[in-house]
Amino acid sequence: MRRSLVLLARAIGGAVVAAQLAGALLFTLVIAVEAADEAPATLLQTIVARLPSLWAQAAAVLVLCGVAVAVVRLRRTGVLLGLGTLGVEPRVVLIVGALIGGAVGVGASRVVVEPSDAPGAWDRGDVGWIRDGEAWPDVSGGAVHRRPPEGRDVVTDVVNGGAAGALGAALGLYVGAAPTLVAAALLLVADVVARGLAERGAVPPLGVMGPALLATAVLLALLVAAPLFPRRWS
C-alpha cells in the first residue's frame, strides 16, 4: 500500500508541477506581449514584479488541471485499475489530490502583492497614489506614504488549493477533458469575483473561499453520480 501511495503521489505531483510551470510560462509570455515596447531591462523588471501575483491567483486552477491530467493518464494506462486491486480506493486519489493542492496553496500564500514594483504601475498609498517612486497626492501639497504590501491568507489558499486538487482528481476519474476545462474556467472566475467583492467589503472576508465552495459542490455532484469502483477506472 505504501508503495502504491508513493507511486500515486509522484505521478500526480509531477503533473501538478508541470502545470504550474506551464502556467508561469504562459503568464510570462502575456506580460512580455503587453510590455513589448519596453526596454529589455524594464521588461524584465515588469515580469519579476507581476509574475508571482499572477501565478498565485491561478495556482488553484493550475492544480485542478494538473491533477485531472495525471489521473486521466493513470486511468487510461490501467495504473489506477492495478492500484485498485491493491486496495487503493477512489477516495485515496481524492485525498492525494487535495493534499498536493493544499501544498501548492501554501506556496501561493507566500506571495506578497507589491504593485508599485512594476514600472508604470499605480499603487494606492495613504491620501494619494504612487507611481515609479513619484507621489500623486489627492490634495495638492499632501504627503503620500506607501502602504504595507498586502499578503495572501494562507488558510484561504490552502483551502482553495485543496478543494481544487480534490475536484481535479474526481474530474480525472469520472469525466473527460472538456468538463475539466469548463470547471477550471469557472473556478478562476469565481476566485477573481470573490476576491474583488471581499476587497470592496461586499461580502464577508470568508467570501474569498468561494472557489472552494464551488469546487466542493461540483465534487459532491460528481461523487453522487460516480459509479462504484473500479467499473470506470479501466
# chains A, B, ... in the order shown; residues from 1 in each chain; ligands from 1
>>> closest_atom_pairs(of="stretch 32-79 of chain A", to="stretch 158-169 of chain A", cutoff="8 Å", atoms="only C-alpha atoms", output="Markdown table")
| residue | atom | partner | partner_atom | distance |
| --- | --- | --- | --- | --- |
| A:Ala59 | CA | A:Gly161 | CA | 7.4 |
| A:Ala60 | CA | A:Gly161 | CA | 4.6 |
| A:Val61 | CA | A:Ala164 | CA | 6.7 |
| A:Val63 | CA | A:Gly165 | CA | 5.7 |
| A:Leu64 | CA | A:Gly168 | CA | 4.3 |
| A:Cys65 | CA | A:Gly168 | CA | 6.4 |
| A:Gly66 | CA | A:Gly168 | CA | 7.6 |
| A:Val67 | CA | A:Gly168 | CA | 5.2 |
| A:Ala68 | CA | A:Gly168 | CA | 4.5 |
| A:Val71 | CA | A:Ala169 | CA | 6.2 |
>>> residues_around(residues="stretch 20-30 of chain A", least_positions_apart="6", cutoff="9 Å", atoms="only C-alpha atoms", output="PyMOL selection string")
chain A and resi 47+50-52+54-55+58-59+62-63+66
>>> residues_around(residues="A:Thr180", least_positions_apart="3", cutoff="8 Å", atoms="only C-alpha atoms", output="PDB file with all heavy atoms, in the first residue's frame")
ATOM      1  N   CYS A  65      -6.101  21.437 -13.063  1.00  0.00           N
ATOM      2  CA  CYS A  65      -5.740  20.910 -14.387  1.00  0.00           C
ATOM      3  C   CYS A  65      -4.667  19.835 -14.281  1.00  0.00           C
ATOM      4  O   CYS A  65      -4.750  18.782 -14.933  1.00  0.00           O
ATOM      5  CB  CYS A  65      -5.265  22.043 -15.275  1.00  0.00           C
ATOM      6  SG  CYS A  65      -6.521  23.280 -15.663  1.00  0.00           S
ATOM      7  N   ALA A  68      -6.101  16.575 -12.723  1.00  0.00           N
ATOM      8  CA  ALA A  68      -7.016  15.910 -13.656  1.00  0.00           C
ATOM      9  C   ALA A  68      -6.250  15.210 -14.780  1.00  0.00           C
ATOM     10  O   ALA A  68      -6.554  14.064 -15.134  1.00  0.00           O
ATOM     11  CB  ALA A  68      -7.998  16.926 -14.237  1.00  0.00           C
ATOM     12  N   GLY A 168     -10.083  18.130  -9.111  1.00  0.00           N
ATOM     13  CA  GLY A 168      -9.323  17.665 -10.265  1.00  0.00           C
ATOM     14  C   GLY A 168      -9.219  16.152 -10.311  1.00  0.00           C
ATOM     15  O   GLY A 168      -9.322  15.535 -11.378  1.00  0.00           O
ATOM     16  N   LEU A 171     -12.604  14.808 -11.409  1.00  0.00           N
ATOM     17  CA  LEU A 171     -12.796  15.020 -12.847  1.00  0.00           C
ATOM     18  C   LEU A 171     -11.979  14.019 -13.651  1.00  0.00           C
ATOM     19  O   LEU A 171     -12.439  13.500 -14.679  1.00  0.00           O
ATOM     20  CB  LEU A 171     -12.393  16.451 -13.212  1.00  0.00           C
ATOM     21  CG  LEU A 171     -13.311  17.566 -12.705  1.00  0.00           C
ATOM     22  CD1 LEU A 171     -12.653  18.922 -12.890  1.00  0.00           C
ATOM     23  CD2 LEU A 171     -14.661  17.523 -13.403  1.00  0.00           C
ATOM     24  N   GLY A 172     -10.767  13.751 -13.205  1.00  0.00           N
ATOM     25  CA  GLY A 172      -9.942  12.773 -13.893  1.00  0.00           C
ATOM     26  C   GLY A 172     -10.485  11.364 -13.801  1.00  0.00           C
ATOM     27  O   GLY A 172     -10.321  10.553 -14.719  1.00  0.00           O
ATOM     28  N   VAL A 175     -14.818  11.927 -15.569  1.00  0.00           N
ATOM     29  CA  VAL A 175     -15.216  12.655 -16.780  1.00  0.00           C
ATOM     30  C   VAL A 175     -13.996  12.852 -17.679  1.00  0.00           C
ATOM     31  O   VAL A 175     -12.954  12.253 -17.466  1.00  0.00           O
ATOM     32  CB  VAL A 175     -15.861  14.023 -16.436  1.00  0.00           C
ATOM     33  CG1 VAL A 175     -17.145  13.820 -15.651  1.00  0.00           C
ATOM     34  CG2 VAL A 175     -14.894  14.892 -15.645  1.00  0.00           C
ATOM     35  N   GLY A 176     -14.132  13.742 -18.662  1.00  0.00           N
ATOM     36  CA  GLY A 176     -13.049  13.928 -19.621  1.00  0.00           C
ATOM     37  C   GLY A 176     -12.484  15.327 -19.608  1.00  0.00           C
ATOM     38  O   GLY A 176     -12.644  16.088 -18.654  1.00  0.00           O
ATOM     39  N   ALA A 177     -11.844  15.701 -20.733  1.00  0.00           N
ATOM     40  CA  ALA A 177     -11.120  16.966 -20.808  1.00  0.00           C
ATOM     41  C   ALA A 177     -12.046  18.174 -20.850  1.00  0.00           C
ATOM     42  O   ALA A 177     -11.777  19.185 -20.196  1.00  0.00           O
ATOM     43  CB  ALA A 177     -10.214  16.958 -22.041  1.00  0.00           C
ATOM     44  N   ALA A 183     -14.675  23.487 -15.737  1.00  0.00           N
ATOM     45  CA  ALA A 183     -14.524  23.643 -14.289  1.00  0.00           C
ATOM     46  C   ALA A 183     -13.370  24.577 -13.948  1.00  0.00           C
ATOM     47  O   ALA A 183     -13.475  25.404 -13.033  1.00  0.00           O
ATOM     48  CB  ALA A 183     -14.301  22.274 -13.643  1.00  0.00           C
ATOM     49  N   ALA A 184     -12.272  24.476 -14.681  1.00  0.00           N
ATOM     50  CA  ALA A 184     -11.121  25.349 -14.437  1.00  0.00           C
ATOM     51  C   ALA A 184     -11.486  26.807 -14.700  1.00  0.00           C
ATOM     52  O   ALA A 184     -11.119  27.703 -13.926  1.00  0.00           O
ATOM     53  CB  ALA A 184      -9.944  24.926 -15.317  1.00  0.00           C
TER      54      ALA A 184
END
>>> closest_residue(among="A:Gly101, A:Gly207, A:Gly128, A:Gly201", to="A:Ala9", atoms="only C-alpha atoms")
A:Gly101
>>> select_by_dssp(residues="stretch 53-220 of chain A", states="helix (DSSP H, G or I)", output="compact mmCIF listing (two decimals) with N, CA and C atoms, in the first residue's frame")
# COMPACT_ATOMS: atom_id res chain seq x y z
N SER A 53 2.34 37.37 -8.51
CA SER A 53 0.94 37.57 -8.13
C SER A 53 -0.01 36.91 -9.13
N LEU A 54 0.35 36.94 -10.42
CA LEU A 54 -0.49 36.28 -11.41
C LEU A 54 -0.50 34.77 -11.19
N TRP A 55 0.68 34.21 -10.89
CA TRP A 55 0.74 32.77 -10.64
C TRP A 55 -0.07 32.41 -9.41
N ALA A 56 0.08 33.18 -8.32
CA ALA A 56 -0.65 32.88 -7.09
C ALA A 56 -2.16 32.93 -7.32
N GLN A 57 -2.60 33.86 -8.17
CA GLN A 57 -4.02 33.99 -8.45
C GLN A 57 -4.57 32.74 -9.14
N ALA A 58 -3.76 32.13 -9.99
CA ALA A 58 -4.23 30.98 -10.78
C ALA A 58 -3.70 29.64 -10.27
N ALA A 59 -3.01 29.64 -9.14
CA ALA A 59 -2.38 28.40 -8.65
C ALA A 59 -3.39 27.28 -8.46
N ALA A 60 -4.55 27.59 -7.87
CA ALA A 60 -5.56 26.55 -7.60
C ALA A 60 -6.10 25.97 -8.90
N VAL A 61 -6.31 26.83 -9.90
CA VAL A 61 -6.82 26.35 -11.19
C VAL A 61 -5.79 25.45 -11.86
N LEU A 62 -4.53 25.83 -11.76
CA LEU A 62 -3.47 25.00 -12.34
C LEU A 62 -3.36 23.67 -11.62
N VAL A 63 -3.62 23.67 -10.32
CA VAL A 63 -3.65 22.41 -9.57
C VAL A 63 -4.75 21.51 -10.12
N LEU A 64 -5.92 22.07 -10.30
CA LEU A 64 -7.05 21.29 -10.83
C LEU A 64 -6.67 20.64 -12.16
N CYS A 65 -6.10 21.44 -13.06
CA CYS A 65 -5.74 20.91 -14.39
C CYS A 65 -4.67 19.83 -14.28
N GLY A 66 -3.64 20.08 -13.47
CA GLY A 66 -2.55 19.12 -13.33
C GLY A 66 -3.01 17.80 -12.75
N VAL A 67 -3.82 17.86 -11.70
CA VAL A 67 -4.32 16.63 -11.07
C VAL A 67 -5.22 15.87 -12.04
N ALA A 68 -6.10 16.57 -12.72
CA ALA A 68 -7.02 15.91 -13.66
C ALA A 68 -6.25 15.21 -14.78
N VAL A 69 -5.26 15.89 -15.34
CA VAL A 69 -4.46 15.29 -16.42
C VAL A 69 -3.74 14.05 -15.92
N ALA A 70 -3.16 14.12 -14.73
CA ALA A 70 -2.43 12.98 -14.18
C ALA A 70 -3.35 11.78 -13.95
N VAL A 71 -4.51 12.03 -13.39
CA VAL A 71 -5.43 10.93 -13.09
C VAL A 71 -5.99 10.31 -14.36
N VAL A 72 -6.29 11.14 -15.35
CA VAL A 72 -6.76 10.60 -16.64
C VAL A 72 -5.70 9.71 -17.26
N ARG A 73 -4.44 10.15 -17.20
CA ARG A 73 -3.35 9.36 -17.75
C ARG A 73 -3.21 8.03 -17.01
N LEU A 74 -3.29 8.08 -15.69
CA LEU A 74 -3.18 6.85 -14.90
C LEU A 74 -4.36 5.92 -15.16
N ARG A 75 -5.53 6.50 -15.38
CA ARG A 75 -6.71 5.67 -15.65
C ARG A 75 -6.61 4.99 -17.00
N ARG A 76 -6.16 5.74 -18.02
CA ARG A 76 -6.12 5.19 -19.37
C ARG A 76 -5.01 4.16 -19.55
N VAL A 79 -3.10 1.99 -14.75
CA VAL A 79 -2.39 2.03 -13.46
C VAL A 79 -3.39 2.10 -12.31
N LEU A 80 -4.43 2.91 -12.46
CA LEU A 80 -5.42 3.04 -11.39
C LEU A 80 -6.15 1.72 -11.16
N LEU A 81 -6.44 1.02 -12.24
CA LEU A 81 -7.10 -0.26 -12.09
C LEU A 81 -6.21 -1.23 -11.33
N GLY A 82 -4.92 -1.20 -11.64
CA GLY A 82 -3.98 -2.05 -10.92
C GLY A 82 -3.86 -1.67 -9.46
N LEU A 83 -3.83 -0.35 -9.19
CA LEU A 83 -3.77 0.10 -7.80
C LEU A 83 -5.03 -0.28 -7.05
N GLY A 84 -6.14 -0.31 -7.77
CA GLY A 84 -7.40 -0.69 -7.12
C GLY A 84 -7.38 -2.13 -6.63
N THR A 85 -6.73 -3.00 -7.38
CA THR A 85 -6.64 -4.39 -6.94
C THR A 85 -5.77 -4.54 -5.68
N PRO A 90 -11.01 5.05 -4.73
CA PRO A 90 -11.09 6.39 -5.32
C PRO A 90 -10.88 7.52 -4.32
N ARG A 91 -11.38 7.35 -3.10
CA ARG A 91 -11.21 8.43 -2.12
C ARG A 91 -9.75 8.67 -1.79
N VAL A 92 -8.90 7.67 -1.95
CA VAL A 92 -7.47 7.86 -1.72
C VAL A 92 -6.90 8.82 -2.77
N VAL A 93 -7.35 8.67 -4.02
CA VAL A 93 -6.91 9.56 -5.08
C VAL A 93 -7.36 10.98 -4.79
N LEU A 94 -8.59 11.13 -4.30
CA LEU A 94 -9.10 12.45 -3.96
C LEU A 94 -8.27 13.08 -2.85
N ILE A 95 -7.91 12.30 -1.85
CA ILE A 95 -7.13 12.81 -0.72
C ILE A 95 -5.74 13.24 -1.18
N VAL A 96 -5.12 12.42 -2.02
CA VAL A 96 -3.79 12.77 -2.53
C VAL A 96 -3.85 14.08 -3.32
N GLY A 97 -4.87 14.20 -4.17
CA GLY A 97 -5.03 15.44 -4.93
C GLY A 97 -5.24 16.64 -4.03
N ALA A 98 -6.05 16.47 -2.97
CA ALA A 98 -6.30 17.56 -2.04
C ALA A 98 -5.04 17.96 -1.29
N LEU A 99 -4.26 16.98 -0.86
CA LEU A 99 -3.02 17.28 -0.12
C LEU A 99 -2.01 18.03 -0.99
N ILE A 100 -1.89 17.59 -2.24
CA ILE A 100 -0.96 18.27 -3.14
C ILE A 100 -1.46 19.69 -3.44
N GLY A 101 -2.76 19.84 -3.63
CA GLY A 101 -3.32 21.16 -3.85
C GLY A 101 -3.12 22.07 -2.66
N GLY A 102 -3.27 21.53 -1.45
CA GLY A 102 -3.03 22.33 -0.26
C GLY A 102 -1.59 22.77 -0.14
N ALA A 103 -0.66 21.88 -0.53
CA ALA A 103 0.77 22.23 -0.50
C ALA A 103 1.07 23.38 -1.47
N VAL A 104 0.46 23.34 -2.65
CA VAL A 104 0.64 24.44 -3.61
C VAL A 104 0.04 25.72 -3.04
N GLY A 105 -1.09 25.59 -2.33
CA GLY A 105 -1.70 26.75 -1.70
C GLY A 105 -0.79 27.42 -0.69
N VAL A 106 -0.03 26.62 0.04
CA VAL A 106 0.93 27.18 0.99
C VAL A 106 1.96 28.04 0.25
N GLY A 107 2.45 27.53 -0.88
CA GLY A 107 3.41 28.29 -1.67
C GLY A 107 2.80 29.57 -2.22
N ALA A 108 1.54 29.50 -2.69
CA ALA A 108 0.89 30.69 -3.23
C ALA A 108 0.68 31.75 -2.15
N SER A 109 0.42 31.31 -0.94
CA SER A 109 0.17 32.26 0.16
C SER A 109 1.41 33.05 0.53
N PRO A 115 2.23 46.06 -6.09
CA PRO A 115 2.01 46.55 -7.46
C PRO A 115 2.95 47.66 -7.89
N SER A 116 3.43 48.48 -6.95
CA SER A 116 4.27 49.61 -7.34
C SER A 116 5.65 49.17 -7.80
N ASP A 117 6.01 47.90 -7.61
CA ASP A 117 7.30 47.42 -8.07
C ASP A 117 7.35 47.29 -9.59
N VAL A 154 -2.98 32.39 4.16
CA VAL A 154 -2.55 31.01 3.96
C VAL A 154 -3.73 30.04 4.07
N VAL A 155 -4.66 30.29 4.99
CA VAL A 155 -5.81 29.39 5.15
C VAL A 155 -6.66 29.37 3.88
N THR A 156 -6.90 30.56 3.35
CA THR A 156 -7.71 30.65 2.12
C THR A 156 -7.05 29.92 0.97
N ASP A 157 -5.76 30.14 0.76
CA ASP A 157 -5.07 29.50 -0.35
C ASP A 157 -4.98 27.99 -0.17
N VAL A 158 -4.79 27.52 1.07
CA VAL A 158 -4.72 26.08 1.31
C VAL A 158 -6.08 25.43 1.06
N VAL A 159 -7.15 26.06 1.55
CA VAL A 159 -8.49 25.51 1.36
C VAL A 159 -8.87 25.51 -0.11
N ASN A 160 -8.64 26.63 -0.80
CA ASN A 160 -8.96 26.68 -2.23
C ASN A 160 -8.12 25.70 -3.04
N GLY A 161 -6.83 25.60 -2.71
CA GLY A 161 -5.97 24.66 -3.43
C GLY A 161 -6.34 23.22 -3.16
N GLY A 162 -6.66 22.91 -1.91
CA GLY A 162 -7.05 21.54 -1.58
C GLY A 162 -8.35 21.13 -2.24
N ALA A 163 -9.33 22.04 -2.24
CA ALA A 163 -10.60 21.74 -2.90
C ALA A 163 -10.41 21.56 -4.40
N ALA A 164 -9.56 22.40 -4.99
CA ALA A 164 -9.29 22.27 -6.43
C ALA A 164 -8.60 20.96 -6.75
N GLY A 165 -7.66 20.54 -5.88
CA GLY A 165 -6.98 19.27 -6.10
C GLY A 165 -7.92 18.08 -6.02
N ALA A 166 -8.82 18.10 -5.04
CA ALA A 166 -9.79 17.01 -4.92
C ALA A 166 -10.74 16.98 -6.11
N LEU A 167 -11.19 18.16 -6.54
CA LEU A 167 -12.08 18.22 -7.70
C LEU A 167 -11.35 17.74 -8.96
N GLY A 168 -10.08 18.13 -9.11
CA GLY A 168 -9.32 17.67 -10.26
C GLY A 168 -9.22 16.15 -10.31
N ALA A 169 -9.03 15.52 -9.14
CA ALA A 169 -8.96 14.07 -9.08
C ALA A 169 -10.29 13.45 -9.49
N ALA A 170 -11.40 14.03 -9.02
CA ALA A 170 -12.72 13.49 -9.37
C ALA A 170 -13.00 13.67 -10.86
N LEU A 171 -12.60 14.81 -11.41
CA LEU A 171 -12.80 15.02 -12.85
C LEU A 171 -11.98 14.02 -13.65
N GLY A 172 -10.77 13.75 -13.21
CA GLY A 172 -9.94 12.77 -13.89
C GLY A 172 -10.49 11.36 -13.80
N LEU A 173 -11.15 11.06 -12.70
CA LEU A 173 -11.69 9.71 -12.50
C LEU A 173 -12.95 9.45 -13.32
N TYR A 174 -13.82 10.45 -13.39
CA TYR A 174 -15.16 10.17 -13.87
C TYR A 174 -15.58 10.91 -15.14
N ALA A 177 -11.84 15.70 -20.73
CA ALA A 177 -11.12 16.97 -20.81
C ALA A 177 -12.05 18.17 -20.85
N ALA A 178 -13.12 18.10 -21.63
CA ALA A 178 -14.00 19.26 -21.79
C ALA A 178 -14.59 19.73 -20.46
N PRO A 179 -15.19 18.84 -19.65
CA PRO A 179 -15.70 19.29 -18.35
C PRO A 179 -14.60 19.85 -17.44
N THR A 180 -13.39 19.31 -17.57
CA THR A 180 -12.28 19.81 -16.76
C THR A 180 -11.96 21.26 -17.12
N LEU A 181 -11.92 21.56 -18.42
CA LEU A 181 -11.64 22.93 -18.85
C LEU A 181 -12.74 23.89 -18.39
N VAL A 182 -13.99 23.44 -18.46
CA VAL A 182 -15.11 24.28 -18.00
C VAL A 182 -14.99 24.54 -16.50
N ALA A 183 -14.68 23.49 -15.74
CA ALA A 183 -14.52 23.64 -14.29
C ALA A 183 -13.37 24.58 -13.95
N ALA A 184 -12.27 24.48 -14.68
CA ALA A 184 -11.12 25.35 -14.44
C ALA A 184 -11.49 26.81 -14.70
N ALA A 185 -12.21 27.06 -15.79
CA ALA A 185 -12.61 28.44 -16.11
C ALA A 185 -13.55 28.99 -15.05
N LEU A 186 -14.51 28.18 -14.61
CA LEU A 186 -15.44 28.62 -13.58
C LEU A 186 -14.72 28.90 -12.27
N LEU A 187 -13.75 28.07 -11.94
CA LEU A 187 -13.01 28.25 -10.69
C LEU A 187 -12.20 29.55 -10.73
N LEU A 188 -11.60 29.84 -11.87
CA LEU A 188 -10.81 31.06 -12.00
C LEU A 188 -11.70 32.30 -11.88
N VAL A 189 -12.84 32.27 -12.56
CA VAL A 189 -13.78 33.40 -12.50
C VAL A 189 -14.30 33.57 -11.07
N ALA A 190 -14.64 32.46 -10.41
CA ALA A 190 -15.14 32.53 -9.04
C ALA A 190 -14.10 33.14 -8.11
N ASP A 191 -12.83 32.81 -8.31
CA ASP A 191 -11.77 33.34 -7.46
C ASP A 191 -11.63 34.85 -7.66
N VAL A 192 -11.61 35.30 -8.92
CA VAL A 192 -11.47 36.73 -9.20
C VAL A 192 -12.65 37.51 -8.63
N VAL A 193 -13.87 37.01 -8.85
CA VAL A 193 -15.06 37.70 -8.36
C VAL A 193 -15.10 37.73 -6.84
N ALA A 194 -14.80 36.59 -6.21
CA ALA A 194 -14.86 36.51 -4.75
C ALA A 194 -13.85 37.46 -4.10
N ARG A 195 -12.64 37.48 -4.63
CA ARG A 195 -11.62 38.39 -4.06
C ARG A 195 -11.99 39.85 -4.30
N GLY A 196 -12.52 40.14 -5.47
CA GLY A 196 -12.93 41.52 -5.74
C GLY A 196 -14.03 41.99 -4.80
N LEU A 197 -15.03 41.13 -4.57
CA LEU A 197 -16.12 41.50 -3.67
C LEU A 197 -15.64 41.63 -2.23
N ALA A 198 -14.74 40.72 -1.83
CA ALA A 198 -14.23 40.77 -0.46
C ALA A 198 -13.39 42.03 -0.23
N GLU A 199 -12.58 42.42 -1.22
CA GLU A 199 -11.77 43.63 -1.08
C GLU A 199 -12.63 44.88 -0.98
N PRO A 205 -15.16 38.47 4.85
CA PRO A 205 -13.82 38.01 4.48
C PRO A 205 -13.77 36.55 4.06
N LEU A 206 -14.63 35.72 4.65
CA LEU A 206 -14.66 34.31 4.28
C LEU A 206 -15.14 34.11 2.85
N GLY A 207 -15.65 35.17 2.23
CA GLY A 207 -16.12 35.06 0.86
C GLY A 207 -15.02 34.70 -0.12
N VAL A 208 -13.74 34.94 0.26
CA VAL A 208 -12.64 34.61 -0.63
C VAL A 208 -12.50 33.09 -0.79
N MET A 209 -13.20 32.34 0.05
CA MET A 209 -13.20 30.89 -0.10
C MET A 209 -14.31 30.41 -1.01
N GLY A 210 -14.89 31.33 -1.76
CA GLY A 210 -15.94 30.97 -2.71
C GLY A 210 -15.51 29.90 -3.70
N PRO A 211 -14.28 29.97 -4.25
CA PRO A 211 -13.84 28.90 -5.15
C PRO A 211 -13.85 27.53 -4.50
N ALA A 212 -13.50 27.45 -3.22
CA ALA A 212 -13.52 26.17 -2.52
C ALA A 212 -14.95 25.65 -2.39
N LEU A 213 -15.90 26.54 -2.12
CA LEU A 213 -17.29 26.13 -2.02
C LEU A 213 -17.80 25.62 -3.36
N LEU A 214 -17.45 26.34 -4.43
CA LEU A 214 -17.87 25.91 -5.77
C LEU A 214 -17.25 24.57 -6.12
N ALA A 215 -15.96 24.41 -5.84
CA ALA A 215 -15.28 23.15 -6.15
C ALA A 215 -15.87 22.00 -5.35
N THR A 216 -16.20 22.26 -4.10
CA THR A 216 -16.78 21.21 -3.26
C THR A 216 -18.16 20.80 -3.76
N ALA A 217 -18.95 21.78 -4.18
CA ALA A 217 -20.29 21.48 -4.70
C ALA A 217 -20.21 20.61 -5.95
N VAL A 218 -19.31 20.97 -6.87
CA VAL A 218 -19.15 20.16 -8.09
C VAL A 218 -18.61 18.78 -7.74
N LEU A 219 -17.68 18.73 -6.79
CA LEU A 219 -17.12 17.45 -6.36
C LEU A 219 -18.19 16.52 -5.81
N LEU A 220 -19.05 17.06 -4.96
CA LEU A 220 -20.13 16.23 -4.38
C LEU A 220 -21.08 15.74 -5.47
>>> residues_around(residues="A:Ala32", least_positions_apart="6", cutoff="9 Å", atoms="only C-alpha atoms", output="JSON, numbers by chain")
{"A": [43, 44, 46, 47]}
>>> write_last_selection(atoms="N, CA, C and O atoms", output="PDB file, in the first residue's frame")
ATOM      1  N   LEU A  43      11.374  45.488 -19.183  1.00  0.00           N
ATOM      2  CA  LEU A  43      10.527  44.317 -19.399  1.00  0.00           C
ATOM      3  C   LEU A  43      10.806  43.241 -18.358  1.00  0.00           C
ATOM      4  O   LEU A  43       9.879  42.659 -17.785  1.00  0.00           O
ATOM      5  N   LEU A  44      12.076  42.999 -18.095  1.00  0.00           N
ATOM      6  CA  LEU A  44      12.444  42.004 -17.090  1.00  0.00           C
ATOM      7  C   LEU A  44      11.942  42.412 -15.711  1.00  0.00           C
ATOM      8  O   LEU A  44      11.425  41.570 -14.954  1.00  0.00           O
ATOM      9  N   THR A  46       9.359  44.251 -15.064  1.00  0.00           N
ATOM     10  CA  THR A  46       7.901  44.093 -15.062  1.00  0.00           C
ATOM     11  C   THR A  46       7.510  42.637 -14.856  1.00  0.00           C
ATOM     12  O   THR A  46       6.584  42.334 -14.099  1.00  0.00           O
ATOM     13  N   ILE A  47       8.211  41.738 -15.529  1.00  0.00           N
ATOM     14  CA  ILE A  47       7.912  40.310 -15.380  1.00  0.00           C
ATOM     15  C   ILE A  47       8.154  39.858 -13.943  1.00  0.00           C
ATOM     16  O   ILE A  47       7.322  39.160 -13.346  1.00  0.00           O
TER      17      ILE A  47
END
>>> decode(residues="stretch 139-195 of chain A", atoms="C-alpha atoms", output="short mmCIF file (atom, residue, chain, number, x, y, z; two decimals), in the first residue's frame")
data_model
loop_
_atom_site.label_atom_id
_atom_site.label_comp_id
_atom_site.auth_asym_id
_atom_site.auth_seq_id
_atom_site.Cartn_x
_atom_site.Cartn_y
_atom_site.Cartn_z
CA VAL A 139 -4.91 67.08 -2.22
CA SER A 140 -2.23 69.38 -3.58
CA GLY A 141 0.73 69.60 -1.23
CA GLY A 142 -0.18 66.47 0.73
CA ALA A 143 2.34 63.83 1.74
CA VAL A 144 1.71 60.36 0.30
CA HIS A 145 3.07 57.36 2.16
CA ARG A 146 3.25 53.87 0.74
CA ARG A 147 1.01 51.30 2.39
CA PRO A 148 2.41 47.99 3.65
CA PRO A 149 2.33 45.29 0.94
CA GLU A 150 -0.70 43.02 1.00
CA GLY A 151 -0.08 39.40 1.89
CA ARG A 152 -2.24 36.47 0.90
CA ASP A 153 -4.09 34.46 3.53
CA VAL A 154 -2.55 31.01 3.96
CA VAL A 155 -5.81 29.39 5.15
CA THR A 156 -7.71 30.65 2.12
CA ASP A 157 -5.07 29.50 -0.35
CA VAL A 158 -4.72 26.08 1.31
CA VAL A 159 -8.49 25.51 1.36
CA ASN A 160 -8.96 26.68 -2.23
CA GLY A 161 -5.97 24.66 -3.43
CA GLY A 162 -7.05 21.54 -1.58
CA ALA A 163 -10.60 21.74 -2.90
CA ALA A 164 -9.29 22.27 -6.43
CA GLY A 165 -6.98 19.27 -6.10
CA ALA A 166 -9.79 17.01 -4.92
CA LEU A 167 -12.08 18.22 -7.70
CA GLY A 168 -9.32 17.67 -10.26
CA ALA A 169 -8.96 14.07 -9.08
CA ALA A 170 -12.72 13.49 -9.37
CA LEU A 171 -12.80 15.02 -12.85
CA GLY A 172 -9.94 12.77 -13.89
CA LEU A 173 -11.69 9.71 -12.50
CA TYR A 174 -15.16 10.17 -13.87
CA VAL A 175 -15.22 12.66 -16.78
CA GLY A 176 -13.05 13.93 -19.62
CA ALA A 177 -11.12 16.97 -20.81
CA ALA A 178 -14.00 19.26 -21.79
CA PRO A 179 -15.70 19.29 -18.35
CA THR A 180 -12.28 19.81 -16.76
CA LEU A 181 -11.64 22.93 -18.85
CA VAL A 182 -15.11 24.28 -18.00
CA ALA A 183 -14.52 23.64 -14.29
CA ALA A 184 -11.12 25.35 -14.44
CA ALA A 185 -12.61 28.44 -16.11
CA LEU A 186 -15.44 28.62 -13.58
CA LEU A 187 -13.01 28.25 -10.69
CA LEU A 188 -10.81 31.06 -12.00
CA VAL A 189 -13.78 33.40 -12.50
CA ALA A 190 -15.14 32.53 -9.04
CA ASP A 191 -11.77 33.34 -7.46
CA VAL A 192 -11.47 36.73 -9.20
CA VAL A 193 -15.06 37.70 -8.36
CA ALA A 194 -14.86 36.51 -4.75
CA ARG A 195 -11.62 38.39 -4.06
#
